[in-house]
>>> print(open('coords.cif').read())   # mmCIF, C-alpha atoms
data_model
loop_
_atom_site.label_atom_id
_atom_site.label_comp_id
_atom_site.auth_asym_id
_atom_site.auth_seq_id
_atom_site.Cartn_x
_atom_site.Cartn_y
_atom_site.Cartn_z
CA MET L 10 -47.31 35.50 -22.53
CA LYS L 11 -50.49 37.27 -23.37
CA ILE L 12 -51.76 34.39 -25.44
CA LYS L 13 -51.12 32.01 -22.61
CA LYS L 14 -53.10 34.22 -20.26
CA MET L 15 -55.98 34.42 -22.68
CA ALA L 16 -56.26 30.67 -22.67
CA HIS L 17 -57.15 30.76 -19.00
CA ILE L 18 -60.29 32.79 -19.60
CA ARG L 19 -63.24 30.47 -19.46
CA ARG L 20 -65.51 30.23 -22.49
CA ARG L 21 -68.45 31.56 -20.47
CA ASP L 22 -66.49 34.63 -19.37
CA ALA L 23 -65.29 35.29 -22.85
CA MET L 24 -68.84 35.24 -24.17
CA ALA L 25 -69.93 37.65 -21.46
CA ILE L 26 -67.11 40.03 -22.30
CA ILE L 27 -67.86 39.92 -26.01
CA LEU L 28 -71.58 40.40 -25.52
CA GLY L 29 -70.99 43.17 -22.99
CA THR L 30 -68.70 45.15 -25.26
CA ALA L 31 -71.01 44.72 -28.22
CA GLY L 32 -73.92 45.91 -26.10
CA THR L 33 -72.14 49.04 -24.95
CA PHE L 34 -71.06 49.77 -28.49
CA ILE L 35 -74.58 49.54 -29.87
CA MET L 36 -75.91 51.64 -27.00
CA SER L 37 -73.34 54.37 -27.40
CA SER L 38 -73.60 54.53 -31.15
CA SER L 39 -77.36 54.88 -31.10
CA VAL L 40 -77.64 57.34 -28.24
CA TYR L 41 -74.63 59.56 -28.80
CA ALA L 42 -72.92 60.79 -31.89
CA SER L 43 -69.90 58.52 -32.18
CA LYS L 44 -66.52 59.72 -33.33
CA ASP L 45 -67.10 58.22 -36.80
CA ASN L 46 -70.49 59.84 -37.07
CA PHE L 47 -68.96 63.13 -36.18
CA THR L 48 -66.17 62.87 -38.74
CA GLN L 49 -68.73 61.88 -41.35
CA ARG L 50 -70.80 64.94 -40.51
CA ILE L 51 -67.79 67.23 -40.97
CA ASN L 52 -66.92 65.52 -44.25
CA LYS L 53 -70.48 65.98 -45.42
CA ILE L 54 -70.53 69.68 -44.60
CA THR L 55 -67.12 70.33 -46.15
CA ASN L 56 -67.86 68.11 -49.15
CA ASN L 57 -64.86 65.92 -48.21
CA LYS L 58 -62.51 68.87 -48.62
CA GLY L 59 -61.77 69.02 -44.91
CA ALA L 60 -61.20 72.11 -42.84
CA LYS L 61 -58.05 73.99 -41.99
CA GLU L 62 -57.49 74.28 -38.26
CA THR L 63 -57.04 77.95 -37.55
CA GLU L 64 -57.10 80.33 -34.66
CA ILE L 65 -60.68 81.44 -34.25
CA PHE L 66 -61.75 83.20 -31.13
CA LEU L 67 -64.14 80.70 -29.58
CA ASP L 68 -65.30 81.56 -26.11
CA VAL L 69 -66.86 78.65 -24.24
CA PRO L 70 -66.48 77.96 -20.52
CA GLU L 71 -63.76 75.53 -19.49
CA ILE L 72 -66.11 74.03 -16.94
CA ALA L 73 -69.88 74.22 -17.36
CA GLU L 74 -71.68 73.51 -14.11
CA ASN L 75 -75.00 73.25 -15.88
CA GLY L 76 -75.06 71.61 -19.29
CA ASN L 77 -78.45 73.12 -20.00
CA GLN L 78 -77.17 76.62 -20.58
CA VAL L 79 -73.68 76.83 -21.98
CA LYS L 80 -72.77 80.16 -23.51
CA VAL L 81 -70.99 80.04 -26.86
CA ASN L 82 -69.42 83.18 -28.23
CA PHE L 83 -67.12 83.45 -31.22
CA GLU L 84 -65.44 86.01 -33.40
CA ILE L 85 -63.79 85.26 -36.71
CA GLU L 86 -61.39 87.72 -38.29
CA SER L 87 -62.68 88.61 -41.71
CA PRO L 88 -62.90 91.80 -43.77
CA MET L 89 -66.64 91.04 -44.30
CA SER L 90 -66.54 92.72 -47.72
CA GLN L 91 -68.61 91.67 -50.73
CA ASN L 92 -65.64 89.70 -52.10
CA ASP L 93 -64.35 88.21 -48.90
CA TYR L 94 -66.64 87.31 -46.06
CA ILE L 95 -67.62 84.43 -43.83
CA LYS L 96 -70.80 82.95 -45.22
CA THR L 97 -71.72 80.17 -42.82
CA VAL L 98 -70.69 79.08 -39.36
CA TYR L 99 -71.59 75.69 -37.92
CA ILE L 100 -71.53 74.99 -34.22
CA LEU L 101 -71.02 71.27 -33.57
CA ALA L 102 -70.65 69.15 -30.46
CA ASP L 103 -69.08 65.67 -30.71
CA GLY L 104 -70.68 64.19 -27.59
CA ASN L 105 -74.30 65.25 -27.96
CA PRO L 106 -77.02 62.89 -29.27
CA SER L 107 -76.78 64.75 -32.56
CA PRO L 108 -73.61 66.63 -33.55
CA ASP L 109 -75.37 69.67 -35.01
CA VAL L 110 -76.09 72.58 -32.70
CA ALA L 111 -76.68 75.49 -35.04
CA LYS L 112 -75.95 76.81 -38.49
CA LEU L 113 -75.52 80.57 -38.77
CA SER L 114 -75.63 82.47 -42.05
CA PHE L 115 -73.82 85.79 -42.20
CA SER L 116 -73.89 88.62 -44.69
CA PRO L 117 -71.24 91.28 -45.46
CA GLU L 118 -73.64 93.94 -44.12
CA MET L 119 -72.89 92.78 -40.60
CA GLY L 120 -69.40 94.27 -40.67
CA VAL L 121 -68.06 91.79 -38.12
CA CYS L 122 -68.36 88.02 -38.00
CA SER L 123 -69.35 87.23 -34.44
CA ALA L 124 -72.33 85.86 -32.55
CA THR L 125 -73.42 84.56 -29.17
CA THR L 126 -75.92 81.89 -28.24
CA ARG L 127 -76.55 79.27 -25.56
CA MET L 128 -76.41 75.54 -26.08
CA ARG L 129 -77.05 72.24 -24.31
CA LEU L 130 -74.22 69.80 -23.64
CA SER L 131 -75.01 66.27 -22.50
CA LYS L 132 -71.54 65.51 -21.14
CA THR L 133 -67.91 66.61 -21.22
CA GLN L 134 -66.96 67.03 -24.86
CA ASN L 135 -65.42 69.15 -27.59
CA VAL L 136 -67.30 72.05 -29.10
CA TYR L 137 -66.33 72.68 -32.72
CA LEU L 138 -66.69 75.75 -34.81
CA LEU L 139 -66.65 75.23 -38.55
CA ALA L 140 -66.66 78.33 -40.74
CA GLU L 141 -67.08 78.61 -44.49
CA ASN L 142 -66.18 81.72 -46.46
CA ASN L 143 -67.68 82.88 -49.75
CA ASN L 144 -64.94 81.01 -51.66
CA ASN L 145 -66.05 77.72 -50.09
CA GLN L 146 -62.97 77.37 -47.92
CA PHE L 147 -63.41 75.86 -44.48
CA PHE L 148 -61.82 76.79 -41.19
CA MET L 149 -62.18 74.96 -37.92
CA THR L 150 -61.38 75.24 -34.26
CA LYS L 151 -62.39 73.29 -31.18
CA SER L 152 -62.53 73.70 -27.45
CA MET L 153 -63.07 71.22 -24.64
CA VAL L 154 -65.90 71.88 -22.20
CA LYS L 155 -66.13 69.95 -18.95
CA VAL L 156 -69.75 69.40 -18.00
CA THR L 157 -70.75 68.74 -14.39
CA ILE L 158 -74.48 68.14 -14.92
CA GLY L 159 -75.57 67.05 -18.38
CA GLY L 160 -78.27 68.95 -20.21
CA CYS L 161 -80.03 66.52 -22.47
CA GLY L 162 -82.46 64.89 -20.07
CA GLY L 163 -83.10 61.18 -20.23
CA MET A 6 -98.64 78.48 -27.11
CA SER A 7 -99.41 81.88 -25.84
CA SER A 8 -96.45 81.93 -23.48
CA VAL A 9 -93.98 82.25 -26.37
CA LYS A 10 -92.77 85.80 -26.31
CA PRO A 11 -90.03 87.33 -28.44
CA ARG A 12 -87.81 90.05 -27.04
CA GLY A 13 -85.08 92.09 -28.63
CA LYS A 14 -82.68 94.89 -27.92
CA VAL A 15 -81.54 97.15 -30.73
CA PRO A 16 -79.97 100.54 -30.00
CA LYS A 17 -82.43 103.32 -30.94
CA LYS A 18 -79.65 105.51 -32.27
CA ALA A 19 -76.33 104.75 -33.92
CA SER A 20 -73.74 106.67 -35.88
CA ILE A 21 -72.70 105.74 -39.42
CA ASP A 22 -70.34 102.75 -39.63
CA GLU A 23 -70.82 101.97 -35.98
CA VAL A 24 -70.99 98.24 -35.27
CA ILE A 25 -73.96 97.70 -33.01
CA GLU A 26 -74.90 94.55 -31.13
CA ILE A 27 -78.39 93.16 -31.50
CA LYS A 28 -79.60 90.87 -28.74
CA THR A 29 -82.66 88.66 -29.02
CA LEU A 30 -84.39 86.17 -26.79
CA ILE A 31 -87.56 84.20 -27.25
CA ARG A 32 -89.31 82.48 -24.40
CA HIS A 33 -89.79 78.90 -25.61
CA PRO A 34 -89.40 75.49 -23.88
CA MET A 35 -87.36 74.00 -26.79
CA HIS A 36 -88.50 70.41 -26.16
CA SER A 37 -85.64 68.38 -27.59
CA GLY A 38 -87.69 65.18 -27.87
CA ARG A 39 -85.48 63.46 -25.29
CA MET A 40 -86.84 64.85 -22.04
CA LYS A 41 -89.43 62.91 -20.09
CA ASP A 42 -92.38 64.31 -18.18
CA LYS A 43 -93.40 63.34 -14.62
CA ASP A 44 -95.06 60.13 -15.84
CA GLY A 45 -91.96 59.03 -17.69
CA LYS A 46 -93.42 59.72 -21.11
CA ILE A 47 -91.21 61.37 -23.67
CA ILE A 48 -92.26 64.93 -24.45
CA PRO A 49 -92.42 65.19 -28.25
CA ARG A 50 -89.93 67.44 -29.96
CA GLN A 51 -91.00 71.03 -30.36
CA ILE A 52 -88.37 73.67 -30.90
CA ILE A 53 -87.80 76.96 -32.62
CA ASN A 54 -85.99 75.68 -35.71
CA ALA A 55 -85.21 78.89 -37.56
CA PHE A 56 -84.43 82.52 -36.92
CA LYS A 57 -84.17 85.24 -39.54
CA VAL A 58 -83.42 88.95 -39.48
CA GLU A 59 -84.13 91.42 -42.25
CA PHE A 60 -83.15 95.05 -42.44
CA GLU A 61 -85.33 97.09 -44.79
CA GLY A 62 -86.46 93.91 -46.51
CA LYS A 63 -82.98 92.46 -47.06
CA GLU A 64 -81.90 89.39 -45.12
CA ILE A 65 -78.82 90.12 -43.06
CA PHE A 66 -78.59 87.18 -40.68
CA SER A 67 -80.24 83.81 -40.24
CA MET A 68 -79.75 80.80 -38.05
CA LYS A 69 -80.88 77.19 -38.15
CA LEU A 70 -81.50 75.91 -34.63
CA GLU A 71 -81.20 72.26 -33.57
CA PRO A 72 -82.47 70.58 -30.38
CA SER A 73 -79.05 71.25 -28.80
CA ILE A 74 -79.95 74.93 -28.39
CA SER A 75 -81.02 75.84 -24.86
CA THR A 76 -84.48 76.66 -23.56
CA ASN A 77 -85.39 80.30 -24.26
CA PRO A 78 -82.97 80.65 -27.18
CA TYR A 79 -80.72 83.68 -26.89
CA ILE A 80 -79.04 84.98 -30.02
CA ALA A 81 -76.78 88.02 -30.26
CA PHE A 82 -75.06 89.27 -33.40
CA PRO A 83 -73.45 92.45 -34.76
CA TYR A 84 -74.59 94.84 -37.48
CA LYS A 85 -72.81 97.71 -39.12
CA ALA A 86 -75.13 100.73 -39.14
CA LYS A 87 -75.33 102.50 -42.50
CA LYS A 88 -78.77 104.11 -42.59
CA SER A 89 -81.94 104.44 -40.57
CA GLY A 90 -84.46 101.67 -40.96
CA THR A 91 -86.45 98.83 -39.50
CA PHE A 92 -85.32 95.38 -38.46
CA ASN A 93 -87.74 92.50 -38.90
CA PHE A 94 -87.13 89.46 -36.74
CA GLU A 95 -88.81 86.12 -37.36
CA TRP A 96 -88.71 82.88 -35.39
CA THR A 97 -90.22 79.66 -36.78
CA ASP A 98 -91.68 77.00 -34.52
CA ASP A 99 -91.70 73.26 -35.39
CA ASN A 100 -95.51 73.50 -35.56
CA GLY A 101 -95.25 76.14 -38.28
CA THR A 102 -96.12 79.16 -36.15
CA LYS A 103 -94.05 82.25 -36.90
CA TYR A 104 -93.29 84.81 -34.22
CA THR A 105 -92.28 88.23 -35.41
CA MET A 106 -90.94 91.45 -33.96
CA LYS A 107 -89.99 94.85 -35.38
CA ARG A 108 -87.37 97.28 -34.16
CA LYS A 109 -86.48 100.70 -35.53
CA MET A 110 -83.06 102.29 -35.57
CA LYS A 111 -82.02 105.85 -36.37
CA VAL A 112 -78.63 106.46 -37.90
CA SER A 113 -77.10 109.92 -37.91
#
>>> encode(input="coords.cif", output="structure tokens")
Amino acid sequence: MKIKKMAHIRRRDAMAIILGTAGTFIMSSSVYASKDNFTQRINKITNNKGAKETEIFLDVPEIAENGNQVKVNFEIESPMSQNDYIKTVYILADGNPSPDVAKLSFSPEMGVCSATTRMRLSKTQNVYLLAENNNNQFFMTKSMVKVTIGGCGG
Amino acid sequence: MSSVKPRGKVPKKASIDEVIEIKTLIRHPMHSGRMKDKDGKIIPRQIINAFKVEFEGKEIFSMKLEPSISTNPYIAFPYKAKKSGTFNFEWTDDNGTKYTMKRKMKVS
């Protein structure tokens, strides 16, 4: 049935549809970090080892009225001893022009692995937290933030 | 840019093994390189790209900032007080300028 329906589409329309989709695809891939780009970025950081999804306390608003100032707060349970501590934490956003937001380097002297900062979000998207401990193991969590007014200008 | 001004809050006193919270803020426009000015021209990227904290000369915390960090970057982090000493904070601008700040803490 579907094939029969397809046959009714005029050549001109078909061309328009194809060109239109291609156009949107090029636009979106150049302006925003696409899903593939984002996965690649995570693979690059983790050296293709991937990250274990774990429960990390990630506090971001469910709805951000202003994408210019979105508070991000997190706390990762870790003994923070010389032999076992969280070394690096990446904050990533899959819908921003560039997925990287910040890279934080911790030391055992801090006693607790937590931090707070404010970030820009261009649209509704997932905020990811990727943590690496001193044994090069990766942990990840994500949280969806709905953005009313985007914060990347344009 | 003379308007760039670092600010920080570190408790003056703390007891041993107390986890304190250090709050910092630097006034900076954080031009992401995507915003346009009134004439529609793109404002070139200029952000604070790095932040570093040392306690008595030893690095305890650092952060690499990307254009996705908000205007007037605010950074808060914990520290477990062990001894009295001085914190050195340093922010690095895209243009190479470094902004620094010192804060003392007494531990008893």
>>> resolve_selection(input="coords.cif", expression="the PyMOL selection byres ((chain L and resi 70-87) around 7)", output="PyMOL selection string")
(chain L and resi 65-69+88-89+94-95+122-131+153-160) or (chain A and resi 75)
>>> closest_atom_pairs(input="coords.cif", of="chain A", to="chain L", cutoff="6 Å", atoms="all atoms listed in the file", output="Markdown table")
| residue | atom | partner | partner_atom | distance |
| --- | --- | --- | --- | --- |
| A:Met40 | CA | L:Gly162 | CA | 4.8 |
| A:Ile65 | CA | L:Ser116 | CA | 5.4 |
| A:Phe66 | CA | L:Phe115 | CA | 5.2 |
| A:Ser67 | CA | L:Ser114 | CA | 5.1 |
| A:Met68 | CA | L:Leu113 | CA | 4.3 |
| A:Lys69 | CA | L:Lys112 | CA | 5.0 |
| A:Leu70 | CA | L:Ala111 | CA | 4.9 |
| A:Glu71 | CA | L:Val110 | CA | 5.2 |
| A:Ser73 | CA | L:Arg129 | CA | 5.0 |
| A:Ile74 | CA | L:Met128 | CA | 4.3 |
| A:Ser75 | CA | L:Met128 | CA | 4.8 |
| A:Tyr79 | CA | L:Thr126 | CA | 5.3 |
| A:Ile80 | CA | L:Thr126 | CA | 4.7 |
| A:Ala81 | CA | L:Thr125 | CA | 4.9 |
| A:Phe82 | CA | L:Ala124 | CA | 4.5 |
| A:Pro83 | CA | L:Met119 | CA | 5.9 |
| A:Tyr84 | CA | L:Met119 | CA | 4.1 |
| A:Lys85 | CA | L:Gly120 | CA | 5.1 |
>>> write_last_selection(input="coords.cif", atoms="C-alpha atoms", output="PDB file, in the frame of the given file")
ATOM      1  CA  MET A  40     -86.840  64.850 -22.040  1.00  0.00           C
ATOM      2  CA  ILE A  65     -78.820  90.120 -43.060  1.00  0.00           C
ATOM      3  CA  PHE A  66     -78.590  87.180 -40.680  1.00  0.00           C
ATOM      4  CA  SER A  67     -80.240  83.810 -40.240  1.00  0.00           C
ATOM      5  CA  MET A  68     -79.750  80.800 -38.050  1.00  0.00           C
ATOM      6  CA  LYS A  69     -80.880  77.190 -38.150  1.00  0.00           C
ATOM      7  CA  LEU A  70     -81.500  75.910 -34.630  1.00  0.00           C
ATOM      8  CA  GLU A  71     -81.200  72.260 -33.570  1.00  0.00           C
ATOM      9  CA  SER A  73     -79.050  71.250 -28.800  1.00  0.00           C
ATOM     10  CA  ILE A  74     -79.950  74.930 -28.390  1.00  0.00           C
ATOM     11  CA  SER A  75     -81.020  75.840 -24.860  1.00  0.00           C
ATOM     12  CA  TYR A  79     -80.720  83.680 -26.890  1.00  0.00           C
ATOM     13  CA  ILE A  80     -79.040  84.980 -30.020  1.00  0.00           C
ATOM     14  CA  ALA A  81     -76.780  88.020 -30.260  1.00  0.00           C
ATOM     15  CA  PHE A  82     -75.060  89.270 -33.400  1.00  0.00           C
ATOM     16  CA  PRO A  83     -73.450  92.450 -34.760  1.00  0.00           C
ATOM     17  CA  TYR A  84     -74.590  94.840 -37.480  1.00  0.00           C
ATOM     18  CA  LYS A  85     -72.810  97.710 -39.120  1.00  0.00           C
TER      19      LYS A  85
END
>>> resolve_selection(input="coords.cif", expression="the PyMOL selection byres ((chain A and resi 93) around 7)", output="ChimeraX atom specification")
/A:58-60,91-92,94-95,106-108
>>> resolve_selection(input="coords.cif", expression="the PyMOL selection byres ((chain A and resi 98) around 6)", output="mmCIF file with C-alpha atoms, in the frame of the given file")
data_model
loop_
_atom_site.group_PDB
_atom_site.id
_atom_site.type_symbol
_atom_site.label_atom_id
_atom_site.label_comp_id
_atom_site.auth_asym_id
_atom_site.auth_seq_id
_atom_site.Cartn_x
_atom_site.Cartn_y
_atom_site.Cartn_z
ATOM 1 C CA ILE A 52 -88.370 73.670 -30.900
ATOM 2 C CA ILE A 53 -87.800 76.960 -32.620
ATOM 3 C CA ASN A 54 -85.990 75.680 -35.710
ATOM 4 C CA THR A 97 -90.220 79.660 -36.780
ATOM 5 C CA ASP A 99 -91.700 73.260 -35.390
ATOM 6 C CA ASN A 100 -95.510 73.500 -35.560
ATOM 7 C CA GLY A 101 -95.250 76.140 -38.280
ATOM 8 C CA THR A 102 -96.120 79.160 -36.150
#
>>> atom_distance(input="coords.cif", atom1="atom CA of A:His36", atom2="atom CA of L:Lys44")
25.5 Å
>>> atom_distance(input="coords.cif", atom1="atom CA of A:Asn77", atom2="atom CA of A:Lys57")
16.1 Å
>>> atom_distance(input="coords.cif", atom1="atom CA of L:Asn142", atom2="atom CA of L:Lys61")
12.1 Å
>>> residues_around(input="coords.cif", residues="L:Asp103", least_positions_apart="4", cutoff="8 Å", atoms="only C-alpha atoms", output="VMD selection string")
chain L and resid 42 to 44 47 107 to 108 134 to 137
>>> closest_residue(input="coords.cif", among="L:Gln49, L:Ser90, L:Ala140, L:Thr133", to="L:Ser152", atoms="only C-alpha atoms")
L:Thr133
